[in-house]
Amino acid sequence: MSHSTALLDVAAVARALANPARLAILDVLAERQACVCGEIVDALPLAQATVSQHLKVLREAGLITGEISGPRTCYGLDRQGLVAAADAFAALFERITPPEGASCACPPGACACPPGSACCS
């Protein structure tokens, strides 16, 4: 299977979401529902430099926006980016989820699991 652009995009978002601190940052931004500057650092038990690095990863993944306001950058959720990420994950899971009632994800006769194993019982 080739790695299409859509799969690469999903992988980039998955990498961005794979860190608990980044998920906490998204939670802080969702709670505030506004552009947030210094409060992110205040809300997390992380150094400012660490938070800045996490914000950079989330921004590059298209999940947040960052707008310069004087000497500070204010961050907020990127609704369009979040919806696109959710849609991409939903499409991926729709493609890879076995049909309802299937006890094995393998096509009939193609399962490499040992007979009687939990994966194909």
# chains A, B, ... in the order shown; residues from 1 in each chain; ligands from 1
$ residues_around --residues "A:Ala30" --least-positions-apart "2" --cutoff "12 Å" --atoms "only C-alpha atoms" --output "PyMOL selection string"
chain A and resi 23-28+32-36+40+63-64+75-79+82
$ select_by_dssp --residues "chain A" --states "strand (DSSP E)" --output "PyMOL selection string"
chain A and resi 64-69+72-77
$ write_last_selection --atoms "C-alpha atoms" --output "mmCIF file, in the first residue's frame"
data_model
loop_
_atom_site.group_PDB
_atom_site.id
_atom_site.type_symbol
_atom_site.label_atom_id
_atom_site.label_comp_id
_atom_site.auth_asym_id
_atom_site.auth_seq_id
_atom_site.Cartn_x
_atom_site.Cartn_y
_atom_site.Cartn_z
ATOM 1 C CA ILE A 64 -4.036 25.424 16.602
ATOM 2 C CA THR A 65 -3.400 28.930 15.366
ATOM 3 C CA GLY A 66 -0.851 31.370 16.678
ATOM 4 C CA GLU A 67 -1.208 35.100 16.159
ATOM 5 C CA ILE A 68 1.398 37.632 17.189
ATOM 6 C CA SER A 69 0.024 40.279 19.525
ATOM 7 C CA ARG A 72 3.437 37.678 22.684
ATOM 8 C CA THR A 73 1.825 35.061 20.524
ATOM 9 C CA CYS A 74 -1.783 34.240 21.297
ATOM 10 C CA TYR A 75 -2.971 30.711 20.578
ATOM 11 C CA GLY A 76 -6.376 29.266 19.861
ATOM 12 C CA LEU A 77 -7.912 26.124 18.438
#
$ closest_atom_pairs --of "stretch 24-76 of chain A" --to "stretch 16-20 of chain A" --cutoff "7 Å" --atoms "only C-alpha atoms" --output "tab-separated table"
residue	atom	partner	partner_atom	distance
A:Ala24	CA	A:Pro20	CA	6.2
A:Val57	CA	A:Ala16	CA	6.1
A:Leu58	CA	A:Ala16	CA	5.9
A:Ala61	CA	A:Ala16	CA	6.5
$ atom_distance --atom1 "atom CA of A:Ala91" --atom2 "atom CA of A:Arg59"
22.5 Å
$ select_by_dssp --residues "chain A" --states "helix (DSSP H, G or I)" --output "PyMOL selection string"
chain A and resi 5-17+20-32+39-43+48-60+79-96+118-120
$ atom_distance --atom1 "atom CA of A:Val13" --atom2 "atom CA of A:Ala85"
7.0 Å
$ closest_residue --among "A:Ser4, A:Asp9, A:Gly70, A:Lys56" --to "A:Phe89" --atoms "only C-alpha atoms"
A:Asp9
$ atom_distance --atom1 "atom CA of A:Val51" --atom2 "atom CA of A:Pro71"
16.7 Å
$ closest_residue --among "A:Ala14, A:Ala90, A:Ala21, A:Cys111" --to "A:Ser52" --atoms "only C-alpha atoms"
A:Ala21
